[in-house]
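Q: You'll find input_11.pdb just under this line, and it carries PDB, C-alpha atoms, pLDDT in the B column.
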ATOM      1  CA  MET J 126      11.019   5.679 -27.764  1.00 54.00           C
ATOM      2  CA  GLU J 127      12.585   7.451 -30.750  1.00 52.00           C
ATOM      3  CA  TYR J 128      16.376   7.291 -30.854  1.00 47.00           C
ATOM      4  CA  ILE J 129      17.823  10.375 -32.557  1.00 48.00           C
ATOM      5  CA  MET J 130      21.220  11.883 -33.224  1.00 51.00           C
ATOM      6  CA  ASN J 131      22.726  14.122 -30.535  1.00 67.00           C
ATOM      7  CA  ASN J 132      20.638  12.301 -28.002  1.00 88.00           C
ATOM      8  CA  ILE J 133      22.464  10.919 -24.978  1.00 97.00           C
ATOM      9  CA  TYR J 134      20.935   8.237 -22.805  1.00 97.00           C
ATOM     10  CA  VAL J 135      22.002   8.050 -19.185  1.00 98.00           C
ATOM     11  CA  VAL J 136      21.134   4.443 -18.467  1.00 98.00           C
ATOM     12  CA  GLY J 137      20.604   2.804 -15.109  1.00 97.00           C
ATOM     13  CA  MET J 138      21.661  -0.796 -15.746  1.00 95.00           C
ATOM     14  CA  GLY J 139      20.606  -2.215 -12.383  1.00 94.00           C
ATOM     15  CA  PRO J 140      23.019  -4.689 -10.771  1.00 89.00           C
ATOM     16  CA  GLY J 141      24.404  -5.552 -14.216  1.00 77.00           C
ATOM     17  CA  GLU J 142      22.675  -8.809 -15.074  1.00 83.00           C
ATOM     18  CA  GLU J 143      20.638  -8.457 -18.251  1.00 88.00           C
ATOM     19  CA  SER J 144      17.617 -10.097 -16.606  1.00 89.00           C
ATOM     20  CA  MET J 145      17.508  -7.224 -14.095  1.00 92.00           C
ATOM     21  CA  MET J 146      17.684  -4.444 -16.682  1.00 94.00           C
ATOM     22  CA  THR J 147      14.529  -2.735 -17.844  1.00 95.00           C
ATOM     23  CA  GLN J 148      13.499  -3.232 -21.455  1.00 96.00           C
ATOM     24  CA  GLN J 149      13.899   0.509 -21.920  1.00 96.00           C
ATOM     25  CA  ALA J 150      17.539   0.257 -20.823  1.00 96.00           C
ATOM     26  CA  ILE J 151      18.240  -2.644 -23.181  1.00 96.00           C
ATOM     27  CA  ASP J 152      16.580  -0.812 -26.084  1.00 96.00           C
ATOM     28  CA  ALA J 153      18.690   2.297 -25.477  1.00 96.00           C
ATOM     29  CA  LEU J 154      21.921   0.296 -25.322  1.00 96.00           C
ATOM     30  CA  GLU J 155      21.065  -1.616 -28.482  1.00 95.00           C
ATOM     31  CA  ALA J 156      20.280   1.634 -30.309  1.00 95.00           C
ATOM     32  CA  SER J 157      23.544   3.274 -29.243  1.00 96.00           C
ATOM     33  CA  ASP J 158      26.744   3.381 -31.270  1.00 96.00           C
ATOM     34  CA  VAL J 159      28.880   4.192 -28.231  1.00 97.00           C
ATOM     35  CA  ILE J 160      28.549   3.004 -24.641  1.00 98.00           C
ATOM     36  CA  ILE J 161      30.545   4.925 -22.047  1.00 97.00           C
ATOM     37  CA  GLY J 162      31.010   4.021 -18.394  1.00 95.00           C
ATOM     38  CA  TYR J 163      33.253   2.941 -15.573  1.00 93.00           C
ATOM     39  CA  THR J 164      35.282  -0.117 -16.636  1.00 90.00           C
ATOM     40  CA  VAL J 165      33.640  -2.464 -14.112  1.00 88.00           C
ATOM     41  CA  TYR J 166      30.189  -1.610 -15.460  1.00 90.00           C
ATOM     42  CA  LEU J 167      31.242  -2.103 -19.071  1.00 92.00           C
ATOM     43  CA  ASN J 168      32.531  -5.568 -18.173  1.00 89.00           C
ATOM     44  CA  LEU J 169      29.182  -6.441 -16.621  1.00 87.00           C
ATOM     45  CA  LEU J 170      27.445  -5.877 -19.950  1.00 89.00           C
ATOM     46  CA  GLY J 171      28.941  -9.097 -21.314  1.00 82.00           C
ATOM     47  CA  GLU J 172      29.004 -10.152 -24.962  1.00 87.00           C
ATOM     48  CA  ARG J 173      25.623  -8.776 -26.023  1.00 90.00           C
ATOM     49  CA  PHE J 174      26.999  -5.269 -26.550  1.00 93.00           C
ATOM     50  CA  ALA J 175      30.575  -6.214 -27.467  1.00 91.00           C
ATOM     51  CA  ASP J 176      30.126  -4.828 -30.991  1.00 94.00           C
ATOM     52  CA  LYS J 177      29.585  -1.307 -29.663  1.00 96.00           C
ATOM     53  CA  GLU J 178      32.329   1.262 -29.233  1.00 97.00           C
ATOM     54  CA  LEU J 179      33.072   0.932 -25.519  1.00 97.00           C
ATOM     55  CA  LEU J 180      34.841   3.800 -23.743  1.00 96.00           C
ATOM     56  CA  SER J 181      35.735   4.294 -20.098  1.00 94.00           C
ATOM     57  CA  THR J 182      37.605   6.485 -17.652  1.00 88.00           C
ATOM     58  CA  PRO J 183      39.041   5.540 -14.236  1.00 81.00           C
ATOM     59  CA  MET J 184      37.457   6.348 -10.914  1.00 79.00           C
ATOM     60  CA  LYS J 185      37.464  10.070 -10.049  1.00 83.00           C
ATOM     61  CA  LYS J 186      37.324  10.935 -13.767  1.00 90.00           C
ATOM     62  CA  GLU J 187      33.543  11.246 -13.907  1.00 94.00           C
ATOM     63  CA  ARG J 188      33.562  14.737 -15.383  1.00 95.00           C
ATOM     64  CA  GLU J 189      35.851  13.630 -18.199  1.00 96.00           C
ATOM     65  CA  ARG J 190      33.568  10.665 -18.832  1.00 96.00           C
ATOM     66  CA  CYS J 191      30.576  12.972 -19.204  1.00 97.00           C
ATOM     67  CA  ILE J 192      32.394  15.316 -21.601  1.00 97.00           C
ATOM     68  CA  MET J 193      33.335  12.260 -23.660  1.00 96.00           C
ATOM     69  CA  CYS J 194      29.604  11.594 -24.091  1.00 97.00           C
ATOM     70  CA  PHE J 195      28.958  15.066 -25.498  1.00 96.00           C
ATOM     71  CA  GLU J 196      31.978  14.883 -27.795  1.00 96.00           C
ATOM     72  CA  LYS J 197      30.843  11.554 -29.226  1.00 96.00           C
ATOM     73  CA  ALA J 198      27.312  12.890 -29.679  1.00 95.00           C
ATOM     74  CA  HIS J 199      28.764  15.825 -31.677  1.00 93.00           C
ATOM     75  CA  GLU J 200      30.376  13.269 -33.976  1.00 94.00           C
ATOM     76  CA  GLY J 201      26.859  12.188 -34.881  1.00 92.00           C
ATOM     77  CA  LYS J 202      26.903   9.028 -32.808  1.00 94.00           C
ATOM     78  CA  LYS J 203      24.174   7.757 -30.549  1.00 94.00           C
ATOM     79  CA  VAL J 204      25.602   7.593 -27.046  1.00 97.00           C
ATOM     80  CA  ALA J 205      24.703   5.791 -23.835  1.00 98.00           C
ATOM     81  CA  MET J 206      26.282   6.553 -20.473  1.00 97.00           C
ATOM     82  CA  ILE J 207      25.806   3.569 -18.170  1.00 97.00           C
ATOM     83  CA  CYS J 208      25.521   3.628 -14.393  1.00 95.00           C
ATOM     84  CA  SER J 209      25.164   0.796 -11.924  1.00 94.00           C
ATOM     85  CA  GLY J 210      21.745   0.663 -10.284  1.00 95.00           C
ATOM     86  CA  ASP J 211      19.714   3.777 -11.088  1.00 97.00           C
ATOM     87  CA  ALA J 212      21.368   6.653 -12.954  1.00 96.00           C
ATOM     88  CA  GLY J 213      19.711   9.164 -10.637  1.00 97.00           C
ATOM     89  CA  VAL J 214      20.694   7.498  -7.346  1.00 96.00           C
ATOM     90  CA  TYR J 215      24.376   8.276  -6.739  1.00 95.00           C
ATOM     91  CA  GLY J 216      24.724   7.978 -10.510  1.00 94.00           C
ATOM     92  CA  MET J 217      25.790  10.202 -13.390  1.00 96.00           C
ATOM     93  CA  ALA J 218      22.426  11.754 -14.237  1.00 97.00           C
ATOM     94  CA  SER J 219      22.922  14.939 -12.207  1.00 97.00           C
ATOM     95  CA  LEU J 220      26.428  15.635 -13.510  1.00 97.00           C
ATOM     96  CA  MET J 221      25.333  14.993 -17.094  1.00 97.00           C
ATOM     97  CA  LEU J 222      22.455  17.447 -16.711  1.00 97.00           C
ATOM     98  CA  GLU J 223      24.700  20.036 -15.052  1.00 97.00           C
ATOM     99  CA  LEU J 224      27.265  19.850 -17.865  1.00 97.00           C
ATOM    100  CA  GLY J 225      24.507  19.623 -20.442  1.00 96.00           C
ATOM    101  CA  LYS J 226      23.902  23.366 -20.062  1.00 95.00           C
ATOM    102  CA  ASN J 227      27.066  23.820 -22.107  1.00 95.00           C
ATOM    103  CA  TYR J 228      25.799  21.539 -24.885  1.00 94.00           C
ATOM    104  CA  PRO J 229      22.319  22.855 -25.740  1.00 92.00           C
ATOM    105  CA  ASP J 230      22.198  20.860 -28.984  1.00 92.00           C
ATOM    106  CA  CYS J 231      22.332  17.576 -27.047  1.00 94.00           C
ATOM    107  CA  ASP J 232      19.172  16.127 -25.588  1.00 94.00           C
ATOM    108  CA  ILE J 233      19.673  14.037 -22.443  1.00 96.00           C
ATOM    109  CA  THR J 234      17.259  11.247 -21.530  1.00 96.00           C
ATOM    110  CA  VAL J 235      17.574   9.565 -18.137  1.00 97.00           C
ATOM    111  CA  ILE J 236      16.535   5.911 -18.135  1.00 97.00           C
ATOM    112  CA  PRO J 237      15.821   4.429 -14.690  1.00 96.00           C
ATOM    113  CA  GLY J 238      17.248   1.196 -13.348  1.00 97.00           C
ATOM    114  CA  ILE J 239      16.824  -1.003 -10.302  1.00 96.00           C
ATOM    115  CA  THR J 240      18.863   0.532  -7.509  1.00 96.00           C
ATOM    116  CA  ALA J 241      20.554  -1.468  -4.743  1.00 96.00           C
ATOM    117  CA  ALA J 242      18.014  -0.334  -2.162  1.00 97.00           C
ATOM    118  CA  SER J 243      15.176  -2.098  -3.967  1.00 96.00           C
ATOM    119  CA  SER J 244      17.077  -5.087  -5.367  1.00 96.00           C
ATOM    120  CA  GLY J 245      18.802  -5.752  -2.050  1.00 97.00           C
ATOM    121  CA  ALA J 246      15.536  -5.329  -0.169  1.00 97.00           C
ATOM    122  CA  ALA J 247      13.945  -8.020  -2.311  1.00 96.00           C
ATOM    123  CA  VAL J 248      16.743 -10.437  -1.404  1.00 96.00           C
ATOM    124  CA  LEU J 249      16.396  -9.720   2.324  1.00 98.00           C
ATOM    125  CA  GLY J 250      12.602  -9.710   2.431  1.00 98.00           C
ATOM    126  CA  ALA J 251      10.838  -6.366   2.944  1.00 98.00           C
ATOM    127  CA  PRO J 252      13.142  -4.060   4.929  1.00 98.00           C
ATOM    128  CA  ILE J 253      12.015  -0.776   3.313  1.00 98.00           C
ATOM    129  CA  ASN J 254       8.281  -1.411   3.223  1.00 97.00           C
ATOM    130  CA  HIS J 255       7.619   1.811   5.163  1.00 96.00           C
ATOM    131  CA  ASP J 256       9.255   5.251   5.183  1.00 97.00           C
ATOM    132  CA  PHE J 257      12.991   4.915   4.583  1.00 98.00           C
ATOM    133  CA  CYS J 258      16.041   6.940   3.644  1.00 97.00           C
ATOM    134  CA  VAL J 259      19.224   6.179   1.720  1.00 98.00           C
ATOM    135  CA  ILE J 260      22.568   7.468   3.004  1.00 98.00           C
ATOM    136  CA  SER J 261      25.991   6.951   1.449  1.00 97.00           C
ATOM    137  CA  LEU J 262      28.890   6.561   3.863  1.00 97.00           C
ATOM    138  CA  SER J 263      31.382   7.697   1.235  1.00 95.00           C
ATOM    139  CA  ASP J 264      32.937  11.012   2.203  1.00 94.00           C
ATOM    140  CA  LEU J 265      34.622  11.442  -1.167  1.00 90.00           C
ATOM    141  CA  LEU J 266      32.078  14.095  -2.211  1.00 91.00           C
ATOM    142  CA  THR J 267      30.214  14.633   1.083  1.00 95.00           C
ATOM    143  CA  PRO J 268      31.917  15.775   4.311  1.00 96.00           C
ATOM    144  CA  TRP J 269      31.734  13.194   7.104  1.00 97.00           C
ATOM    145  CA  GLU J 270      30.233  15.810   9.431  1.00 97.00           C
ATOM    146  CA  LEU J 271      27.233  16.094   7.108  1.00 98.00           C
ATOM    147  CA  ILE J 272      26.909  12.314   6.899  1.00 98.00           C
ATOM    148  CA  GLU J 273      26.868  12.210  10.700  1.00 98.00           C
ATOM    149  CA  ARG J 274      24.041  14.754  10.835  1.00 98.00           C
ATOM    150  CA  ARG J 275      22.005  12.772   8.324  1.00 98.00           C
ATOM    151  CA  LEU J 276      22.498   9.534  10.254  1.00 98.00           C
ATOM    152  CA  ALA J 277      21.426  11.250  13.476  1.00 98.00           C
ATOM    153  CA  ALA J 278      18.340  12.734  11.824  1.00 98.00           C
ATOM    154  CA  ALA J 279      17.360   9.361  10.333  1.00 98.00           C
ATOM    155  CA  ALA J 280      17.699   7.731  13.754  1.00 98.00           C
ATOM    156  CA  ARG J 281      15.567  10.394  15.432  1.00 97.00           C
ATOM    157  CA  GLY J 282      12.930  10.078  12.696  1.00 97.00           C
ATOM    158  CA  ASP J 283      12.789   6.279  13.122  1.00 97.00           C
ATOM    159  CA  PHE J 284      13.382   5.694   9.443  1.00 98.00           C
ATOM    160  CA  ALA J 285      14.399   2.373   8.008  1.00 98.00           C
ATOM    161  CA  ILE J 286      17.855   3.145   6.606  1.00 98.00           C
ATOM    162  CA  VAL J 287      19.776   1.893   3.591  1.00 98.00           C
ATOM    163  CA  LEU J 288      23.521   2.483   3.670  1.00 98.00           C
ATOM    164  CA  TYR J 289      25.393   2.671   0.367  1.00 97.00           C
ATOM    165  CA  ASN J 290      29.206   2.535   0.160  1.00 95.00           C
ATOM    166  CA  PRO J 291      29.541   1.240   3.734  1.00 95.00           C
ATOM    167  CA  SER J 292      33.223   0.403   3.521  1.00 91.00           C
ATOM    168  CA  SER J 293      36.413   0.524   1.494  1.00 86.00           C
ATOM    169  CA  ARG J 294      40.109   0.053   2.155  1.00 84.00           C
ATOM    170  CA  LYS J 295      40.406   3.669   3.260  1.00 86.00           C
ATOM    171  CA  ARG J 296      37.091   3.637   5.166  1.00 87.00           C
ATOM    172  CA  ALA J 297      37.275   0.279   6.909  1.00 86.00           C
ATOM    173  CA  ASP J 298      35.703   1.549  10.143  1.00 93.00           C
ATOM    174  CA  TYR J 299      32.959   3.748   8.671  1.00 95.00           C
ATOM    175  CA  LEU J 300      30.171   1.210   9.147  1.00 97.00           C
ATOM    176  CA  LYS J 301      31.085   0.820  12.813  1.00 97.00           C
ATOM    177  CA  ARG J 302      31.163   4.605  13.180  1.00 97.00           C
ATOM    178  CA  ALA J 303      27.732   4.858  11.560  1.00 98.00           C
ATOM    179  CA  CYS J 304      26.267   2.206  13.858  1.00 98.00           C
ATOM    180  CA  THR J 305      27.724   4.031  16.857  1.00 98.00           C
ATOM    181  CA  ILE J 306      26.076   7.306  15.784  1.00 98.00           C
ATOM    182  CA  LEU J 307      22.707   5.575  15.362  1.00 98.00           C
ATOM    183  CA  MET J 308      22.965   4.064  18.838  1.00 98.00           C
ATOM    184  CA  GLU J 309      23.884   7.448  20.294  1.00 97.00           C
ATOM    185  CA  HIS J 310      20.589   8.772  18.891  1.00 97.00           C
ATOM    186  CA  GLY J 311      18.258   6.133  20.242  1.00 96.00           C
ATOM    187  CA  VAL J 312      18.606   3.077  18.008  1.00 97.00           C
ATOM    188  CA  THR J 313      18.995   0.019  20.237  1.00 97.00           C
ATOM    189  CA  ALA J 314      21.603  -2.702  19.791  1.00 98.00           C
ATOM    190  CA  ASP J 315      18.886  -5.293  19.155  1.00 98.00           C
ATOM    191  CA  ARG J 316      17.508  -3.397  16.120  1.00 98.00           C
ATOM    192  CA  ALA J 317      16.840  -5.798  13.216  1.00 98.00           C
ATOM    193  CA  CYS J 318      19.311  -5.291  10.352  1.00 98.00           C
ATOM    194  CA  GLY J 319      20.697  -7.046   7.319  1.00 98.00           C
ATOM    195  CA  TYR J 320      23.117  -6.707   4.444  1.00 98.00           C
ATOM    196  CA  VAL J 321      23.525  -8.067   0.931  1.00 97.00           C
ATOM    197  CA  GLU J 322      26.762  -8.539  -0.985  1.00 96.00           C
ATOM    198  CA  ASN J 323      26.969  -8.712  -4.794  1.00 92.00           C
ATOM    199  CA  ILE J 324      23.286  -8.002  -5.370  1.00 92.00           C
ATOM    200  CA  GLY J 325      22.055  -9.548  -8.607  1.00 87.00           C
ATOM    201  CA  ARG J 326      25.481 -10.992  -9.441  1.00 85.00           C
ATOM    202  CA  GLU J 327      27.360 -14.206  -8.803  1.00 84.00           C
ATOM    203  CA  ASN J 328      27.922 -15.167  -5.169  1.00 89.00           C
ATOM    204  CA  THR J 329      25.095 -13.031  -3.800  1.00 93.00           C
ATOM    205  CA  LYS J 330      25.184 -13.224  -0.006  1.00 95.00           C
ATOM    206  CA  ALA J 331      22.409 -12.067   2.337  1.00 97.00           C
ATOM    207  CA  VAL J 332      22.693 -11.902   6.126  1.00 97.00           C
ATOM    208  CA  THR J 333      20.246 -10.798   8.831  1.00 98.00           C
ATOM    209  CA  LEU J 334      21.571  -9.702  12.217  1.00 98.00           C
ATOM    210  CA  THR J 335      21.173  -7.098  14.951  1.00 98.00           C
ATOM    211  CA  LEU J 336      22.670  -3.618  14.949  1.00 98.00           C
ATOM    212  CA  GLY J 337      25.028  -4.682  17.730  1.00 97.00           C
ATOM    213  CA  GLU J 338      26.292  -7.518  15.575  1.00 98.00           C
ATOM    214  CA  LEU J 339      26.416  -5.332  12.473  1.00 98.00           C
ATOM    215  CA  MET J 340      28.722  -2.765  14.033  1.00 96.00           C
ATOM    216  CA  ASN J 341      31.405  -5.431  14.449  1.00 95.00           C
ATOM    217  CA  THR J 342      30.916  -6.917  10.987  1.00 95.00           C
ATOM    218  CA  SER J 343      33.359  -6.406   8.142  1.00 93.00           C
ATOM    219  CA  VAL J 344      31.722  -5.652   4.774  1.00 94.00           C
ATOM    220  CA  ASN J 345      33.089  -4.701   1.363  1.00 91.00           C
ATOM    221  CA  MET J 346      32.323  -1.975  -1.173  1.00 88.00           C
ATOM    222  CA  PHE J 347      29.881  -4.263  -3.020  1.00 91.00           C
ATOM    223  CA  THR J 348      27.652  -4.482   0.062  1.00 96.00           C
ATOM    224  CA  THR J 349      24.402  -2.660   0.780  1.00 97.00           C
ATOM    225  CA  VAL J 350      23.358  -2.420   4.425  1.00 98.00           C
ATOM    226  CA  PHE J 351      19.784  -2.265   5.718  1.00 98.00           C
ATOM    227  CA  ILE J 352      18.859  -1.036   9.195  1.00 98.00           C
ATOM    228  CA  GLY J 353      15.256  -1.528  10.221  1.00 98.00           C
ATOM    229  CA  ASN J 354      13.057   0.914  12.089  1.00 98.00           C
ATOM    230  CA  SER J 355      11.683   0.290  15.580  1.00 97.00           C
ATOM    231  CA  GLN J 356       8.924  -1.947  14.160  1.00 96.00           C
ATOM    232  CA  SER J 357      11.174  -4.093  11.964  1.00 97.00           C
ATOM    233  CA  GLU J 358      11.611  -7.784  12.730  1.00 97.00           C
ATOM    234  CA  ILE J 359      13.524 -10.763  11.459  1.00 97.00           C
ATOM    235  CA  ILE J 360      10.812 -13.259  10.488  1.00 97.00           C
ATOM    236  CA  ASP J 361      11.902 -16.721   9.344  1.00 96.00           C
ATOM    237  CA  GLY J 362      15.276 -15.308   8.407  1.00 95.00           C
ATOM    238  CA  ARG J 363      13.822 -12.375   6.433  1.00 97.00           C
ATOM    239  CA  LEU J 364      14.143  -8.721   7.422  1.00 98.00           C
ATOM    240  CA  VAL J 365      10.653  -7.232   7.515  1.00 98.00           C
ATOM    241  CA  THR J 366       9.632  -3.629   8.177  1.00 97.00           C
ATOM    242  CA  LYS J 367       5.935  -3.601   8.979  1.00 95.00           C
ATOM    243  CA  ARG J 368       3.553  -1.452   6.994  1.00 91.00           C
ATOM    244  CA  GLY J 369       1.115  -1.138   9.891  1.00 83.00           C
ATOM    245  CA  TYR J 370      -1.629  -3.585   8.995  1.00 76.00           C
ATOM    246  CA  ASP J 371      -3.678  -5.116  11.820  1.00 69.00           C
ATOM    247  CA  ILE J 372      -2.280  -8.628  11.426  1.00 60.00           C
ATOM    248  CA  GLU J 373      -3.926  -9.833  14.644  1.00 62.00           C
ATOM    249  CA  GLY J 374      -7.303  -8.594  13.454  1.00 57.00           C
ATOM    250  CA  ILE J 375      -6.827 -10.291  10.086  1.00 47.00           C
ATOM    251  CA  HIS J 376      -5.886 -13.535  11.852  1.00 50.00           C
ATOM    252  CA  ASN J 377      -8.977 -13.361  14.051  1.00 55.00           C
ATOM    253  CA  ASN J 378     -11.221 -12.785  11.038  1.00 52.00           C
ATOM    254  CA  ILE J 379      -9.713 -15.770   9.233  1.00 47.00           C
ATOM    255  CA  SER J 380     -10.213 -17.969  12.308  1.00 51.00           C
ATOM    256  CA  SER J 381     -13.804 -16.803  12.626  1.00 50.00           C
ATOM    257  CA  ASP J 382     -14.494 -17.567   8.959  1.00 51.00           C
ATOM    258  CA  LYS J 383     -13.056 -21.065   9.333  1.00 54.00           C
ATOM    259  CA  GLN J 384     -15.255 -21.760  12.362  1.00 55.00           C
ATOM    260  CA  GLN J 385     -18.356 -20.748  10.441  1.00 53.00           C
TER     261      GLN J 385
END
Could you express the structure from this file as structure tokens?

A:
Amino acid sequence: MEYIMNNIYVVGMGPGEESMMTQQAIDALEASDVIIGYTVYLNLLGERFADKELLSTPMKKERERCIMCFEKAHEGKKVAMICSGDAGVYGMASLMLELGKNYPDCDITVIPGITAASSGAAVLGAPINHDFCVISLSDLLTPWELIERRLAAAARGDFAIVLYNPSSRKRADYLKRACTILMEHGVTADRACGYVENIGRENTKAVTLTLGELMNTSVNMFTTVFIGNSQSEIIDGRLVTKRGYDIEGIHNNISSDKQQ
């Protein structure tokens, strides 16, 4: 990849650990003069990029953070905007591209990262190995009524579901509300589920449980929740959503081969 002036890289940094960043993300950060992002994400970068100009804005100042990127690019600096997980999954990529219409001399490159759905799934086992959807329970930018409709539709479609932003101090009961909606639309209380806290960071915690147990569980904002579909199972402590292979037939063939 060629790193040029007035080019802004919107970088998905994965969970934050360097070992879980793509090489493309590391290359872009190393080539940048300025790294801009939410303070928590900047802290996760550690010492490797401490020599860069590091700039941040508080929560709810995302637009200002994006404009800062364009201003720094106009100063002739190479700029990287960092996002946790993937920049295009509840990240800054869309806002950067929207605002980029006002800065036609800046070229924006989106660099993918490992999002919580895939990194958390790997910790739990294989919970999204078939059709799945991702729904955020944060109603900061999305009305709760719309979130409800999406939960109901996912339940009716028998999707495996990944819930981002399941809880916060102001939304302490949102996970329970979501579980209730799913059960109202046909998901049974014994549905196989799981959740992972602090994915890819210190003190990672993974738990498998049923939907009935999940709805009475307290989680934090660093948790990603996985709800299986009707074919999902907890196998040896791992949450597994079946792909549809004929496991019994495979077993019979193996047994037949051994007998021969």

Q: If we count all atoms listed in the file and set the cut-off at 12 Å, which residues sit around Glu338 in chain J, ignoring sequence neighbours fewer than 2 positions away in its own chain? Please answer as a tab-separated table (two decimals) with C-alpha atoms, in the frame of the given file.

A:
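Once everything was written out, this is around_7.tsv:
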chain	number	residue	atom	x	y	z
J	300	LEU	CA	30.17	1.21	9.15
J	301	LYS	CA	31.08	0.82	12.81
J	304	CYS	CA	26.27	2.21	13.86
J	305	THR	CA	27.72	4.03	16.86
J	313	THR	CA	19.00	0.02	20.24
J	314	ALA	CA	21.60	-2.70	19.79
J	315	ASP	CA	18.89	-5.29	19.16
J	316	ARG	CA	17.51	-3.40	16.12
J	317	ALA	CA	16.84	-5.80	13.22
J	318	CYS	CA	19.31	-5.29	10.35
J	319	GLY	CA	20.70	-7.05	7.32
J	320	TYR	CA	23.12	-6.71	4.44
J	332	VAL	CA	22.69	-11.90	6.13
J	333	THR	CA	20.25	-10.80	8.83
J	334	LEU	CA	21.57	-9.70	12.22
J	335	THR	CA	21.17	-7.10	14.95
J	336	LEU	CA	22.67	-3.62	14.95
J	340	MET	CA	28.72	-2.76	14.03
J	341	ASN	CA	31.40	-5.43	14.45
J	342	THR	CA	30.92	-6.92	10.99
J	343	SER	CA	33.36	-6.41	8.14
J	352	ILE	CA	18.86	-1.04	9.20

Q: Write out as a PyMOL selection string each polymer residue whose atoms come within 9 Å of Ile236 in chain J, counting all atoms listed in the file; drop sequence neighbours fewer than 5 positions from it.

A: chain J and resi 134-138+147+149-150+153+211-213

Q: Could you tell me which of J:Leu154, J:Ile192, J:Ile286, J:Met146 comes closest to Asp176 in chain J if we count all atoms listed in the file?

A: J:Leu154

Q: Give me, please, the distance in Å between CA of Ile160 in chain J and CA of Ser209 in chain J, quoted to one decimal.

A: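 Separation of CA of Ile160 in chain J and CA of Ser209 in chain J: 13.3 Å.
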
Q: With only C-alpha atoms as the atoms that count, which of J:Ser244, J:Ser157, J:Ser357, J:Asn254 lies nearest to Arg326 in chain J?

A: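 Among the listed residues, J:Ser244 lies closest to Arg326 in chain J.
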
Q: With the file shown as input, list the residues that the PyMOL selection byres ((chain J and resi 203) around 12) selects, as a count of residues only.

A: 36

Q: Considering all atoms listed in the file, can you say which of J:Pro291, J:Pro237, J:Pro252, J:Gly245 comes closest to Gly216 in chain J?

A: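 Once distances to Gly216 in chain J are computed over all atoms listed in the file, the minimum belongs to J:Pro237.
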
Q: Rank J:Gly238, J:Leu266, J:Ser292, J:Thr349 by their smallest atom-to-atom distance to Ala218 in chain J, using all atoms listed in the file, and report the top residue only.

A: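 Result for the nearest residue to Ala218 in chain J: J:Gly238.
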
Q: So for range 344-347 of chain J, what box centre and size do we get, axis-aligned, 8 Å extra on each of the six sides, every listed atom, Å to one decimal, as lines of an AutoDock Vina configuration file?

A:
center_x = 31.5
center_y = -3.8
center_z = 0.9
size_x = 19.2
size_y = 19.7
size_z = 23.8

Q: For Ala331 in chain J, which of J:Arg275, J:Lys226, J:His255, J:Arg363 is the closest residue, counting all atoms listed in the file?

A: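 Ranking J:Arg275, J:Lys226, J:His255, J:Arg363 by distance to Ala331 in chain J, first place goes to J:Arg363.
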
Q: Let me make sure I understand: among J:Ala303, J:Leu339, J:Asn290, J:Phe284, which one has the smallest atom-to-atom distance to Glu270 in chain J if we use all atoms listed in the file?

A: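 Of the candidates, the smallest distance to Glu270 in chain J is held by J:Ala303.
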
Q: Would you compute the distance between CA of Gly210 in chain J and CA of Gly141 in chain J? Give it in Å to one decimal.

A: 7.8 Å

Q: Suppose you want the space between CA of Leu249 in chain J and CA of Asn323 in chain J; what is it in Å?

A: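 About the pair CA of Leu249 in chain J and CA of Asn323 in chain J: they are 12.8 Å apart.
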
Q: Give as a short mmCIF file (atom, residue, chain, number, x, y, z; two decimals) with C-alpha atoms, in the frame of the given file the set of residues within 9 Å of the point (30.7, -0.1, -19.5), where distances use the file's coordinates and all atoms listed in the file.

A:
data_model
loop_
_atom_site.label_atom_id
_atom_site.label_comp_id
_atom_site.auth_asym_id
_atom_site.auth_seq_id
_atom_site.Cartn_x
_atom_site.Cartn_y
_atom_site.Cartn_z
CA ILE J 160 28.55 3.00 -24.64
CA ILE J 161 30.54 4.92 -22.05
CA GLY J 162 31.01 4.02 -18.39
CA TYR J 163 33.25 2.94 -15.57
CA THR J 164 35.28 -0.12 -16.64
CA VAL J 165 33.64 -2.46 -14.11
CA TYR J 166 30.19 -1.61 -15.46
CA LEU J 167 31.24 -2.10 -19.07
CA ASN J 168 32.53 -5.57 -18.17
CA LEU J 169 29.18 -6.44 -16.62
CA LEU J 170 27.44 -5.88 -19.95
CA LEU J 179 33.07 0.93 -25.52
CA LEU J 180 34.84 3.80 -23.74
CA SER J 181 35.74 4.29 -20.10
CA MET J 206 26.28 6.55 -20.47
CA ILE J 207 25.81 3.57 -18.17
CA CYS J 208 25.52 3.63 -14.39
#

Q: I'd like the contact shell of Lys367 in chain J - 12 Å cut-off, all atoms listed in the file, skipping same-chain residues fewer than 3 positions apart - returned as a VMD selection string.

A: chain J and resid 250 to 257 284 to 285 317 353 to 360 364 370 to 372
